[in-house]
file my_file_27.csv (CSV, C-alpha atoms)
chain,number,residue,atom,x,y,z
A,1,MET,CA,-17.8,-16.9,-17.5
A,2,SER,CA,-15.8,-17.2,-14.4
A,3,ASN,CA,-17.2,-19.1,-11.4
A,4,THR,CA,-14.9,-17.3,-9.0
A,5,LEU,CA,-16.1,-14.7,-6.6
A,6,ASN,CA,-15.8,-11.2,-7.9
A,7,PHE,CA,-15.1,-7.8,-6.3
A,8,ILE,CA,-14.9,-4.0,-6.9
A,9,ASP,CA,-12.0,-2.1,-5.3
A,10,LEU,CA,-12.8,1.5,-4.2
A,11,PHE,CA,-10.0,4.0,-3.4
A,12,ALA,CA,-7.8,1.3,-4.8
A,13,GLY,CA,-4.4,3.0,-4.5
A,14,ALA,CA,-1.6,1.0,-6.1
A,15,GLY,CA,-3.6,-2.2,-5.6
A,16,GLY,CA,-2.2,-3.8,-2.5
A,17,LEU,CA,-5.6,-4.9,-1.1
A,18,SER,CA,-6.8,-6.0,-4.5
A,19,GLU,CA,-3.6,-8.1,-4.9
A,20,GLY,CA,-4.4,-10.1,-1.8
A,21,PHE,CA,-8.0,-10.8,-3.0
A,22,ILE,CA,-6.7,-11.9,-6.4
A,23,ARG,CA,-4.2,-14.2,-4.7
A,24,ALA,CA,-7.1,-15.7,-2.7
A,25,GLY,CA,-8.9,-16.5,-6.0
A,26,TYR,CA,-11.2,-13.5,-6.4
A,27,THR,CA,-11.8,-11.8,-9.8
A,28,PRO,CA,-11.6,-7.9,-9.9
A,29,LEU,CA,-14.4,-6.3,-12.0
A,30,ALA,CA,-13.4,-2.6,-11.4
A,31,HIS,CA,-10.7,-0.6,-9.6
A,32,ILE,CA,-11.5,3.1,-8.8
A,33,GLU,CA,-8.7,5.5,-8.0
A,34,MET,CA,-8.0,9.2,-8.5
A,35,ASP,CA,-4.2,9.2,-8.7
A,36,LYS,CA,-2.8,9.0,-12.2
A,37,TYR,CA,0.3,7.0,-11.3
A,38,ALA,CA,-1.6,4.6,-9.0
A,39,CYS,CA,-4.0,4.0,-11.9
A,40,ASP,CA,-1.1,3.4,-14.3
A,41,THR,CA,0.3,0.9,-11.8
A,42,LEU,CA,-3.1,-0.8,-11.5
A,43,ARG,CA,-3.3,-1.1,-15.4
A,44,THR,CA,0.2,-2.6,-15.5
A,45,ARG,CA,-0.7,-5.1,-12.7
A,46,THR,CA,-4.0,-5.9,-14.4
A,47,ALA,CA,-2.1,-6.6,-17.6
A,48,PHE,CA,0.3,-8.8,-15.6
A,49,HIS,CA,-2.5,-11.0,-14.2
A,50,TRP,CA,-4.1,-11.4,-17.7
A,51,LEU,CA,-0.8,-12.4,-19.3
A,52,LYS,CA,-0.1,-14.8,-16.4
A,53,SER,CA,-3.5,-16.5,-16.7
A,54,ASN,CA,-3.0,-16.8,-20.5
A,55,SER,CA,0.6,-18.2,-20.2
A,56,GLN,CA,2.1,-15.1,-21.7
A,57,LEU,CA,4.3,-13.8,-18.9
A,58,LYS,CA,7.3,-13.6,-21.3
A,59,LYS,CA,5.7,-10.4,-22.6
A,60,TYR,CA,5.6,-8.9,-19.2
A,61,LYS,CA,9.2,-9.8,-18.5
A,62,LYS,CA,10.2,-8.3,-21.9
A,63,TYR,CA,8.3,-5.1,-20.9
A,64,LEU,CA,10.3,-4.8,-17.7
A,65,HIS,CA,13.7,-5.4,-19.4
A,66,GLU,CA,13.0,-2.8,-22.1
A,67,LYS,CA,11.2,-0.2,-19.9
A,68,GLN,CA,12.5,3.3,-20.2
A,69,GLU,CA,12.2,6.2,-17.7
A,70,LYS,CA,9.3,8.6,-18.3
A,71,GLU,CA,7.4,6.0,-20.4
A,72,ASP,CA,4.0,5.0,-19.1
A,73,GLY,CA,2.8,1.4,-19.5
A,74,SER,CA,1.2,1.8,-22.9
A,75,LYS,CA,3.5,-0.7,-24.6
A,76,LEU,CA,2.4,-3.4,-22.2
A,77,TRP,CA,-1.3,-2.4,-22.0
A,78,LYS,CA,-1.6,-2.7,-25.8
A,79,GLN,CA,-0.7,-6.4,-25.5
A,80,VAL,CA,-3.9,-7.3,-23.6
A,81,PRO,CA,-7.6,-6.8,-24.4
A,82,LYS,CA,-8.8,-3.2,-23.9
A,83,SER,CA,-11.6,-4.5,-21.7
A,84,VAL,CA,-8.9,-5.6,-19.2
A,85,ILE,CA,-7.3,-2.2,-19.0
A,86,ASP,CA,-10.7,-0.5,-18.9
A,87,THR,CA,-11.4,-2.1,-15.5
A,88,VAL,CA,-9.3,0.7,-14.0
A,89,ILE,CA,-11.3,3.8,-13.6
A,90,GLN,CA,-9.3,7.0,-12.9
A,91,SER,CA,-11.6,9.3,-11.1
A,92,GLU,CA,-12.1,11.1,-7.8
A,93,ILE,CA,-15.1,9.7,-6.0
A,94,GLY,CA,-17.4,12.6,-5.2
A,95,GLU,CA,-20.8,14.2,-5.7
A,96,LYS,CA,-19.9,15.5,-9.2
A,97,THR,CA,-18.4,12.2,-10.4
A,98,ILE,CA,-20.4,9.4,-8.7
A,99,ASP,CA,-23.1,9.0,-11.5
A,100,ASP,CA,-20.4,8.8,-14.2
A,101,ILE,CA,-18.5,6.2,-12.1
A,102,PHE,CA,-21.7,4.2,-11.6
A,103,ALA,CA,-22.3,4.2,-15.4
A,104,LYS,CA,-18.8,2.9,-16.0
A,105,VAL,CA,-19.0,0.2,-13.3
A,106,ASP,CA,-22.5,-0.8,-14.7
A,107,LYS,CA,-20.9,-1.4,-18.1
A,108,LEU,CA,-18.0,-3.4,-16.6
A,109,THR,CA,-20.1,-5.6,-14.4
A,110,GLU,CA,-22.9,-6.2,-17.0
A,111,ASN,CA,-25.5,-6.5,-14.3
A,112,ARG,CA,-23.7,-9.4,-12.6
A,113,GLN,CA,-24.2,-9.9,-8.9
A,114,ILE,CA,-21.3,-8.3,-7.0
A,115,ASP,CA,-19.9,-10.6,-4.4
A,116,ILE,CA,-17.8,-8.2,-2.4
A,117,ILE,CA,-16.7,-4.6,-2.3
A,118,ILE,CA,-13.3,-3.7,-0.8
A,119,GLY,CA,-11.4,-0.6,0.0
A,120,GLY,CA,-10.9,2.2,2.5
A,121,PRO,CA,-11.3,5.9,2.0
A,122,PRO,CA,-8.1,8.0,2.3
A,123,CYS,CA,-7.1,7.9,5.9
A,124,GLN,CA,-5.3,11.2,6.5
A,125,ALA,CA,-8.4,12.7,7.9
A,126,TYR,CA,-8.7,10.0,10.5
A,127,SER,CA,-5.0,9.6,11.3
A,128,VAL,CA,-3.6,10.8,14.6
A,129,VAL,CA,-0.6,12.3,12.8
A,130,GLY,CA,-2.8,14.0,10.2
A,131,ARG,CA,-4.9,15.6,13.0
A,132,ALA,CA,-1.7,16.7,14.8
A,133,ARG,CA,-0.5,18.5,11.7
A,134,ASP,CA,-3.8,20.3,11.0
A,135,PRO,CA,-4.6,23.4,13.1
A,136,GLN,CA,-8.3,22.5,12.8
A,137,ASN,CA,-7.7,18.9,13.8
A,138,MET,CA,-9.0,17.7,10.4
A,139,GLN,CA,-12.6,18.7,11.4
A,140,ASN,CA,-13.2,20.4,8.1
A,141,ASP,CA,-11.4,17.9,5.9
A,142,PRO,CA,-13.7,16.6,3.1
A,143,ARG,CA,-12.0,13.2,3.3
A,144,ASN,CA,-13.9,12.7,6.6
A,145,PHE,CA,-17.0,12.1,4.6
A,146,LEU,CA,-15.8,9.9,1.7
A,147,TYR,CA,-17.3,6.9,3.6
A,148,LYS,CA,-20.7,8.2,2.4
A,149,TYR,CA,-19.8,7.3,-1.2
A,150,TYR,CA,-18.6,3.8,-0.1
A,151,ILE,CA,-22.1,3.4,1.4
A,152,GLN,CA,-23.7,4.6,-1.9
A,153,PHE,CA,-21.8,1.7,-3.6
A,154,LEU,CA,-23.2,-0.7,-1.1
A,155,LYS,CA,-26.7,0.5,-1.8
A,156,ARG,CA,-26.4,0.4,-5.6
A,157,TYR,CA,-24.6,-2.9,-6.1
A,158,SER,CA,-25.8,-4.8,-3.0
A,159,PRO,CA,-22.8,-7.0,-2.6
A,160,LYS,CA,-23.0,-10.0,-0.2
A,161,MET,CA,-20.1,-8.7,1.8
A,162,PHE,CA,-17.7,-5.8,2.1
A,163,VAL,CA,-14.3,-5.1,3.6
A,164,PHE,CA,-13.6,-1.5,4.8
A,165,GLU,CA,-10.0,-0.8,5.9
A,166,ASN,CA,-8.8,2.3,7.7
A,167,VAL,CA,-6.3,3.6,10.3
A,168,PRO,CA,-6.8,3.1,14.1
A,169,GLY,CA,-7.4,6.8,14.4
A,170,ILE,CA,-10.9,6.2,12.9
A,171,LEU,CA,-11.9,4.9,16.3
A,172,SER,CA,-11.1,8.2,18.0
A,173,ALA,CA,-11.6,10.8,15.3
A,174,GLN,CA,-14.1,13.5,16.4
A,175,ASN,CA,-14.5,11.5,19.7
A,176,GLY,CA,-15.9,8.6,17.8
A,177,VAL,CA,-18.6,10.5,15.9
A,178,HIS,CA,-17.3,9.6,12.5
A,179,LEU,CA,-17.3,5.9,13.3
A,180,GLU,CA,-20.8,6.1,14.7
A,181,ASN,CA,-21.9,7.8,11.5
A,182,ILE,CA,-20.3,5.1,9.4
A,183,LYS,CA,-22.0,2.4,11.4
A,184,ARG,CA,-25.4,4.1,11.1
A,185,GLY,CA,-25.0,4.5,7.3
A,186,ILE,CA,-24.0,0.8,6.9
A,187,ASP,CA,-26.9,-0.3,9.0
A,188,GLU,CA,-29.3,1.7,6.9
A,189,ALA,CA,-27.8,0.2,3.8
A,190,GLY,CA,-28.8,-3.2,5.1
A,191,TYR,CA,-25.6,-4.7,6.5
A,192,GLU,CA,-24.4,-6.1,9.8
A,193,ILE,CA,-20.7,-5.4,10.7
A,194,GLU,CA,-18.0,-6.4,13.0
A,195,LEU,CA,-14.7,-4.6,13.3
A,196,LYS,CA,-11.3,-5.6,14.7
A,197,ARG,CA,-8.0,-3.7,15.2
A,198,LEU,CA,-5.4,-6.0,13.5
A,199,LYS,CA,-1.7,-5.9,13.4
A,200,ALA,CA,0.1,-7.0,10.2
A,201,SER,CA,3.0,-8.5,12.0
A,202,ASP,CA,0.7,-11.0,13.7
A,203,TYR,CA,0.1,-12.6,10.3
A,204,GLY,CA,3.5,-12.8,8.7
A,205,VAL,CA,4.2,-9.3,7.5
A,206,LEU,CA,7.4,-7.8,8.7
A,207,GLN,CA,5.8,-4.5,9.6
A,208,ASN,CA,4.1,-3.3,12.8
A,209,ARG,CA,1.2,-1.9,10.8
A,210,GLU,CA,-2.1,-1.6,12.7
A,211,ARG,CA,-5.4,-1.1,10.8
A,212,VAL,CA,-9.1,-1.3,11.7
A,213,ILE,CA,-10.7,-3.8,9.4
A,214,ILE,CA,-14.5,-3.6,9.2
A,215,ILE,CA,-16.2,-6.7,7.6
A,216,GLY,CA,-19.9,-6.4,6.8
A,217,TRP,CA,-22.4,-8.8,5.3
A,218,LYS,CA,-26.0,-8.5,4.3
A,219,LYS,CA,-28.5,-8.8,7.1
A,220,GLY,CA,-30.0,-12.3,7.2
A,221,LEU,CA,-26.9,-14.1,5.9
A,222,ASN,CA,-26.1,-15.1,9.5
A,223,MET,CA,-22.3,-14.7,9.0
A,224,LYS,CA,-19.5,-13.7,11.4
A,225,TYR,CA,-16.0,-12.2,11.3
A,226,PRO,CA,-13.5,-14.9,10.0
A,227,GLU,CA,-11.3,-16.4,12.6
A,228,LEU,CA,-7.7,-15.2,11.9
A,229,GLU,CA,-4.9,-17.3,13.3
A,230,LYS,CA,-2.0,-15.4,14.7
A,231,LYS,CA,1.4,-16.8,13.7
A,232,ASP,CA,4.7,-16.8,15.5
A,233,ASN,CA,7.0,-14.8,13.3
A,234,PRO,CA,10.6,-16.1,13.4
A,235,TYR,CA,11.7,-14.0,10.4
A,236,LYS,CA,13.6,-10.7,10.4
A,237,ILE,CA,14.0,-7.8,7.9
A,238,LEU,CA,17.7,-8.0,7.2
A,239,PRO,CA,18.4,-11.7,6.9
A,240,ASP,CA,15.1,-12.8,5.6
A,241,LEU,CA,13.7,-9.9,3.5
A,242,PHE,CA,16.6,-7.8,2.3
A,243,SER,CA,19.6,-10.2,2.1
A,244,ASP,CA,19.3,-11.2,-1.6
A,245,LEU,CA,19.1,-7.6,-2.9
A,246,PRO,CA,22.3,-6.0,-4.2
A,247,ALA,CA,24.0,-3.5,-1.8
A,248,ARG,CA,23.1,0.1,-2.6
A,249,GLN,CA,24.7,3.4,-1.5
A,250,HIS,CA,22.7,6.6,-1.6
A,251,GLY,CA,21.8,7.7,-5.1
A,252,GLU,CA,22.6,4.3,-6.6
A,253,GLY,CA,20.3,2.2,-8.8
A,254,GLY,CA,18.0,3.1,-11.8
A,255,LEU,CA,14.3,3.5,-11.7
A,256,THR,CA,13.7,1.1,-14.6
A,257,GLU,CA,16.9,-1.0,-14.2
A,258,THR,CA,16.4,-4.7,-13.8
A,259,VAL,CA,18.7,-6.2,-11.0
A,260,LYS,CA,19.8,-9.8,-10.5
A,261,TYR,CA,19.5,-11.3,-7.0
A,262,THR,CA,22.8,-11.7,-5.2
A,263,ALA,CA,21.7,-14.7,-3.0
A,264,PRO,CA,19.3,-17.7,-3.1
A,265,THR,CA,15.8,-17.0,-2.1
A,266,THR,CA,15.1,-17.2,1.6
A,267,LYS,CA,12.4,-19.3,3.2
A,268,TYR,CA,10.4,-16.1,4.0
A,269,LEU,CA,10.5,-14.8,0.4
A,270,LYS,CA,9.3,-18.2,-0.8
A,271,GLN,CA,6.6,-18.7,1.8
A,272,PHE,CA,5.1,-15.3,1.2
A,273,HIS,CA,5.4,-15.3,-2.6
A,274,ILE,CA,7.7,-12.4,-2.8
A,275,ARG,CA,10.2,-13.7,-5.4
A,276,ASN,CA,7.9,-16.1,-7.3
A,277,GLY,CA,10.7,-18.0,-9.0
A,278,TRP,CA,12.0,-15.0,-11.0
A,279,ASP,CA,15.8,-14.3,-11.3
A,280,PHE,CA,15.5,-10.5,-11.3
A,281,THR,CA,13.5,-7.6,-9.9
A,282,THR,CA,13.2,-3.8,-10.5
A,283,GLN,CA,13.1,-0.4,-8.8
A,284,HIS,CA,15.9,-1.1,-6.3
A,285,ILE,CA,16.8,2.6,-6.4
A,286,ALA,CA,18.1,4.6,-3.5
A,287,ARG,CA,17.5,8.3,-3.3
A,288,PRO,CA,20.5,10.7,-3.0
A,289,HIS,CA,21.2,12.5,0.3
A,290,ASN,CA,23.2,15.5,1.2
A,291,PRO,CA,26.2,15.2,3.5
A,292,THR,CA,24.3,16.6,6.5
A,293,ASP,CA,21.6,14.0,6.2
A,294,LEU,CA,24.1,11.2,5.8
A,295,GLU,CA,25.8,12.3,9.0
A,296,ILE,CA,22.5,12.3,10.8
A,297,TYR,CA,21.7,8.9,9.4
A,298,ARG,CA,25.0,7.5,10.6
A,299,ARG,CA,24.3,8.8,14.1
A,300,ALA,CA,20.7,7.5,14.0
A,301,ILE,CA,21.8,4.0,12.8
A,302,THR,CA,24.5,3.8,15.5
A,303,LEU,CA,22.2,4.8,18.3
A,304,TRP,CA,19.5,2.3,17.2
A,305,LEU,CA,21.8,-0.6,16.6
A,306,ASP,CA,23.8,-0.1,19.8
A,307,LYS,CA,21.2,1.1,22.3
A,308,LYS,CA,17.8,0.6,20.7
A,309,GLU,CA,17.2,4.3,21.1
A,310,ARG,CA,15.7,6.7,18.5
A,311,LEU,CA,17.5,9.8,17.5
A,312,ASN,CA,16.0,13.0,19.0
A,313,TYR,CA,16.3,15.8,16.5
A,314,ALA,CA,16.5,18.6,19.2
A,315,LYS,CA,19.6,16.9,20.7
A,316,LEU,CA,21.7,17.0,17.5
A,317,PRO,CA,24.6,19.5,17.3
A,318,PRO,CA,23.4,22.9,16.0
A,319,GLU,CA,25.4,22.6,12.7
A,320,LEU,CA,23.3,19.5,11.8
A,321,GLN,CA,19.9,21.0,12.6
A,322,MET,CA,18.5,22.4,9.3
A,323,HIS,CA,14.8,22.6,10.5
A,324,ASN,CA,13.5,25.4,12.7
A,325,ASN,CA,10.9,23.2,14.3
A,326,LYS,CA,12.6,21.6,17.3
A,327,LYS,CA,9.4,21.0,19.4
A,328,SER,CA,7.4,18.5,17.4
A,329,PHE,CA,8.2,15.5,15.2
A,330,LEU,CA,11.5,15.1,16.9
A,331,ASN,CA,11.6,11.4,15.7
A,332,ARG,CA,11.7,12.5,12.0
A,333,PHE,CA,14.9,10.4,11.5
A,334,GLN,CA,13.9,6.8,12.1
A,335,VAL,CA,15.9,3.6,11.4
A,336,VAL,CA,14.1,0.6,10.1
A,337,ASP,CA,14.3,-2.1,12.9
A,338,PRO,CA,16.3,-5.0,11.4
A,339,VAL,CA,13.7,-7.3,12.9
A,340,CYS,CA,10.3,-5.7,12.0
A,341,CYS,CA,9.7,-2.3,10.5
A,342,HIS,CA,7.5,0.5,11.8
A,343,THR,CA,4.4,1.4,9.7
A,344,VAL,CA,5.2,2.4,6.1
A,345,VAL,CA,3.1,5.4,5.1
A,346,ALA,CA,1.7,6.6,1.7
A,347,HIS,CA,3.9,9.7,1.6
A,348,ILE,CA,7.3,7.9,2.1
A,349,ALA,CA,8.6,10.0,-0.9
A,350,MET,CA,8.5,13.0,1.4
A,351,ASP,CA,9.4,11.1,4.6
A,352,GLY,CA,12.6,9.2,3.5
A,353,HIS,CA,14.3,10.2,6.7
A,354,TYR,CA,11.7,8.1,8.5
A,355,TYR,CA,12.9,4.8,6.8
A,356,ILE,CA,16.7,4.6,7.1
A,357,TYR,CA,18.4,1.4,6.1
A,358,PRO,CA,19.6,-0.4,9.3
A,359,SER,CA,23.3,-0.8,8.5
A,360,LEU,CA,26.4,1.4,8.6
A,361,LYS,CA,27.5,-0.4,5.4
A,362,GLN,CA,24.7,1.2,3.4
A,363,ILE,CA,24.0,4.6,4.8
A,364,ARG,CA,20.8,5.7,3.0
A,365,SER,CA,17.0,5.5,3.1
A,366,ILE,CA,15.4,2.3,1.9
A,367,THR,CA,14.8,1.7,-1.8
A,368,ILE,CA,11.4,1.5,-3.6
A,369,ARG,CA,11.8,-2.3,-3.8
A,370,GLU,CA,12.6,-2.6,-0.1
A,371,ALA,CA,9.6,-0.5,0.9
A,372,ALA,CA,7.4,-2.7,-1.4
A,373,ARG,CA,8.8,-5.9,0.2
A,374,ILE,CA,8.1,-4.6,3.7
A,375,GLN,CA,4.5,-4.2,2.7
A,376,SER,CA,4.6,-7.7,1.2
A,377,PHE,CA,4.2,-6.7,-2.5
A,378,PRO,CA,5.8,-9.3,-4.7
A,379,ASP,CA,9.0,-8.5,-6.6
A,380,ASP,CA,7.2,-8.7,-10.0
A,381,TYR,CA,5.0,-5.7,-9.0
A,382,TYR,CA,6.0,-2.6,-11.0
A,383,PHE,CA,5.1,0.8,-9.7
A,384,GLU,CA,4.6,3.3,-12.6
A,385,GLY,CA,5.6,6.9,-12.6
A,386,SER,CA,8.6,8.8,-11.2
A,387,ARG,CA,10.6,7.7,-8.2
A,388,SER,CA,8.6,9.9,-6.0
A,389,ALA,CA,5.3,8.6,-7.4
A,390,ALA,CA,6.5,5.0,-7.0
call {"tool": "encode", "arguments": {"input": "my_file_27.csv", "output": "structure tokens"}}
result
Amino acid sequence: MSNTLNFIDLFAGAGGLSEGFIRAGYTPLAHIEMDKYACDTLRTRTAFHWLKSNSQLKKYKKYLHEKQEKEDGSKLWKQVPKSVIDTVIQSEIGEKTIDDIFAKVDKLTENRQIDIIIGGPPCQAYSVVGRARDPQNMQNDPRNFLYKYYIQFLKRYSPKMFVFENVPGILSAQNGVHLENIKRGIDEAGYEIELKRLKASDYGVLQNRERVIIIGWKKGLNMKYPELEKKDNPYKILPDLFSDLPARQHGEGGLTETVKYTAPTTKYLKQFHIRNGWDFTTQHIARPHNPTDLEIYRRAITLWLDKKERLNYAKLPPELQMHNNKKSFLNRFQVVDPVCCHTVVAHIAMDGHYYIYPSLKQIRSITIREAARIQSFPDDYYFEGSRSAA
């Protein structure tokens, strides 16, 4: 029996939040996520942690070296106890599924006291961009109300604490009505909360990512929000985060190809546990682009590096304008700042133009591995599924 604090991860995605808690010494009891490829990624990562804690990481490295496209992670998952893989529950959280999910979580937790619940419901319904794209301003989006299931988990498992993460737009969605409803539900469940709007770049991540982090604790525990110490960040994307990865032109690299580093580890990669002493990584694959996009990329990179100006789509020559919409989302072609990146979003597969590599020597959008590093995922993290899914 482990003496470490345990947690359940709701709306787990590919496991980024969970990875942070595991690194801090917590033990995951269950991950709940609806997306198949995210769940496969969670299973692979869960297998990694089991193999690591049992001094069998050679099996994981062998799996990565022999990995073939269109294979899921079954070859790896079979090498760890089934109970480890079963901690990943693939299910949408909703009225029709909640009882079945509870039954599975009950079996996994074996009536243990849950220390903490983490996670954040999908944020498109609260995001400013999501509301701008929806003619009804996301008012009828069912994702507005997924927090109710989060609260049901609090009521059923009565954790000592919880961490609820979401986009800053949650503060203003429906003029603050959604946030007030969330606060009321949490209060009724027996918890006190504090919330803060935090910026990842204040804490060592090379990304200007802002999120609202709500931390709650059971009434009577007399706790408070942890003091987070902001750090001066002397590091930059190109020299400190990307410099040891092989150069890529558009369309280069394989999804399951293992790649050797081309330079020693940097102080940043070491300090933030990105490379972890390995001599290779994976998924350094760049998507292909058509000649029109490559010319737009070239112009966008030049403008950003020379003048720190973003490209305005409406001002491109007519022969380069392939979209009819010339009134909104005119910043759809964005170069990654070589110092600190703008926020990386979940749908980067559809928005590759929004993450252009900041050099005229490699005119392309960033690779899967580069996107993962920007979000501080370690290089031994493997994202299952197709390139788009990853």
call {"tool": "atom_distance", "arguments": {"input": "my_file_27.csv", "atom1": "CA of Ile117 (chain A)", "atom2": "CA of Thr44 (chain A)"}}
result
21.5 Å
call {"tool": "closest_residue", "arguments": {"input": "my_file_27.csv", "among": "A:Gly119, A:Gln283, A:Glu227, A:Trp50", "to": "Val163 (chain A)", "atoms": "all atoms listed in the file"}}
result
A:Gly119
call {"tool": "closest_residue", "arguments": {"input": "my_file_27.csv", "among": "A:Leu108, A:Leu179, A:Ala47, A:Leu360", "to": "Asp306 (chain A)", "atoms": "all atoms listed in the file"}}
result
A:Leu360
call {"tool": "residues_around", "arguments": {"input": "my_file_27.csv", "residues": "Thr282 (chain A)", "least_positions_apart": "6", "cutoff": "9 Å", "atoms": "all atoms listed in the file", "output": "mmCIF file with C-alpha atoms, keeping the file's coordinate frame"}}
result
data_model
loop_
_atom_site.group_PDB
_atom_site.id
_atom_site.type_symbol
_atom_site.label_atom_id
_atom_site.label_comp_id
_atom_site.auth_asym_id
_atom_site.auth_seq_id
_atom_site.Cartn_x
_atom_site.Cartn_y
_atom_site.Cartn_z
ATOM 1 C CA LEU A 64 10.300 -4.800 -17.700
ATOM 2 C CA GLY A 254 18.000 3.100 -11.800
ATOM 3 C CA LEU A 255 14.300 3.500 -11.700
ATOM 4 C CA THR A 256 13.700 1.100 -14.600
ATOM 5 C CA GLU A 257 16.900 -1.000 -14.200
ATOM 6 C CA THR A 258 16.400 -4.700 -13.800
ATOM 7 C CA VAL A 259 18.700 -6.200 -11.000
ATOM 8 C CA LYS A 260 19.800 -9.800 -10.500
ATOM 9 C CA ILE A 368 11.400 1.500 -3.600
ATOM 10 C CA ARG A 369 11.800 -2.300 -3.800
ATOM 11 C CA ASP A 379 9.000 -8.500 -6.600
ATOM 12 C CA ASP A 380 7.200 -8.700 -10.000
ATOM 13 C CA TYR A 381 5.000 -5.700 -9.000
ATOM 14 C CA TYR A 382 6.000 -2.600 -11.000
#
call {"tool": "atom_distance", "arguments": {"input": "my_file_27.csv", "atom1": "CA of Ser91 (chain A)", "atom2": "CA of Met34 (chain A)"}}
result
4.4 Å
call {"tool": "atom_distance", "arguments": {"input": "my_file_27.csv", "atom1": "CA of Ala12 (chain A)", "atom2": "CA of Ile32 (chain A)"}}
result
5.7 Å
call {"tool": "closest_residue", "arguments": {"input": "my_file_27.csv", "among": "A:Gln334, A:Glu295, A:Ser53, A:Ile363", "to": "Gly251 (chain A)", "atoms": "all atoms listed in the file"}}
result
A:Ile363
call {"tool": "closest_residue", "arguments": {"input": "my_file_27.csv", "among": "A:Lys52, A:Lys196, A:Lys267, A:Arg298", "to": "Tyr225 (chain A)", "atoms": "only C-alpha atoms"}}
result
A:Lys196
call {"tool": "closest_atom_pairs", "arguments": {"input": "my_file_27.csv", "of": "region 282-346 of chain A", "to": "region 231-250 of chain A", "cutoff": "9 Å", "atoms": "only C-alpha atoms", "output": "JSON lines"}}
result
{"residue": "A:His284", "atom": "CA", "partner": "A:Leu245", "partner_atom": "CA", "distance": 8.0}
{"residue": "A:Ile285", "atom": "CA", "partner": "A:Arg248", "partner_atom": "CA", "distance": 7.8}
{"residue": "A:Ala286", "atom": "CA", "partner": "A:His250", "partner_atom": "CA", "distance": 5.4}
{"residue": "A:Arg287", "atom": "CA", "partner": "A:His250", "partner_atom": "CA", "distance": 5.7}
{"residue": "A:Pro288", "atom": "CA", "partner": "A:His250", "partner_atom": "CA", "distance": 4.9}
{"residue": "A:His289", "atom": "CA", "partner": "A:His250", "partner_atom": "CA", "distance": 6.4}
{"residue": "A:Leu294", "atom": "CA", "partner": "A:His250", "partner_atom": "CA", "distance": 8.8}
{"residue": "A:Val336", "atom": "CA", "partner": "A:Ile237", "partner_atom": "CA", "distance": 8.7}
{"residue": "A:Asp337", "atom": "CA", "partner": "A:Ile237", "partner_atom": "CA", "distance": 7.6}
{"residue": "A:Pro338", "atom": "CA", "partner": "A:Ile237", "partner_atom": "CA", "distance": 5.0}
{"residue": "A:Val339", "atom": "CA", "partner": "A:Lys236", "partner_atom": "CA", "distance": 4.2}
{"residue": "A:Cys340", "atom": "CA", "partner": "A:Ile237", "partner_atom": "CA", "distance": 5.9}
{"residue": "A:Cys341", "atom": "CA", "partner": "A:Ile237", "partner_atom": "CA", "distance": 7.4}
call {"tool": "residues_around", "arguments": {"input": "my_file_27.csv", "residues": "Glu229 (chain A)", "least_positions_apart": "4", "cutoff": "12 Å", "atoms": "only C-alpha atoms", "output": "list in words"}}
result
Leu198, Lys199, Ala200, Ser201, Asp202, Tyr203 and Gly204 of chain A
call {"tool": "residues_near_point", "arguments": {"input": "my_file_27.csv", "point": "(1.0, -1.0, 7.8)", "cutoff": "8 Å", "atoms": "all atoms listed in the file", "output": "PyMOL selection string"}}
result
chain A and resi 199-200+207-211+342-345+375
call {"tool": "closest_residue", "arguments": {"input": "my_file_27.csv", "among": "A:Tyr313, A:Trp278, A:Trp217, A:Phe383", "to": "Tyr191 (chain A)", "atoms": "only C-alpha atoms"}}
result
A:Trp217
call {"tool": "closest_residue", "arguments": {"input": "my_file_27.csv", "among": "A:Gln90, A:Asn54, A:Thr302, A:Ser328", "to": "Pro358 (chain A)", "atoms": "only C-alpha atoms"}}
result
A:Thr302
call {"tool": "residues_around", "arguments": {"input": "my_file_27.csv", "residues": "Phe162 (chain A)", "least_positions_apart": "6", "cutoff": "10 Å", "atoms": "all atoms listed in the file", "output": "compact mmCIF listing (two decimals) with C-alpha atoms, keeping the file's coordinate frame"}}
result
# COMPACT_ATOMS: atom_id res chain seq x y z
CA PHE A 7 -15.10 -7.80 -6.30
CA ILE A 8 -14.90 -4.00 -6.90
CA ASP A 115 -19.90 -10.60 -4.40
CA ILE A 116 -17.80 -8.20 -2.40
CA ILE A 117 -16.70 -4.60 -2.30
CA ILE A 118 -13.30 -3.70 -0.80
CA GLY A 119 -11.40 -0.60 0.00
CA TYR A 150 -18.60 3.80 -0.10
CA LEU A 154 -23.20 -0.70 -1.10
CA TYR A 191 -25.60 -4.70 6.50
CA ILE A 193 -20.70 -5.40 10.70
CA ILE A 214 -14.50 -3.60 9.20
CA ILE A 215 -16.20 -6.70 7.60
CA GLY A 216 -19.90 -6.40 6.80
CA TRP A 217 -22.40 -8.80 5.30
CA LYS A 218 -26.00 -8.50 4.30
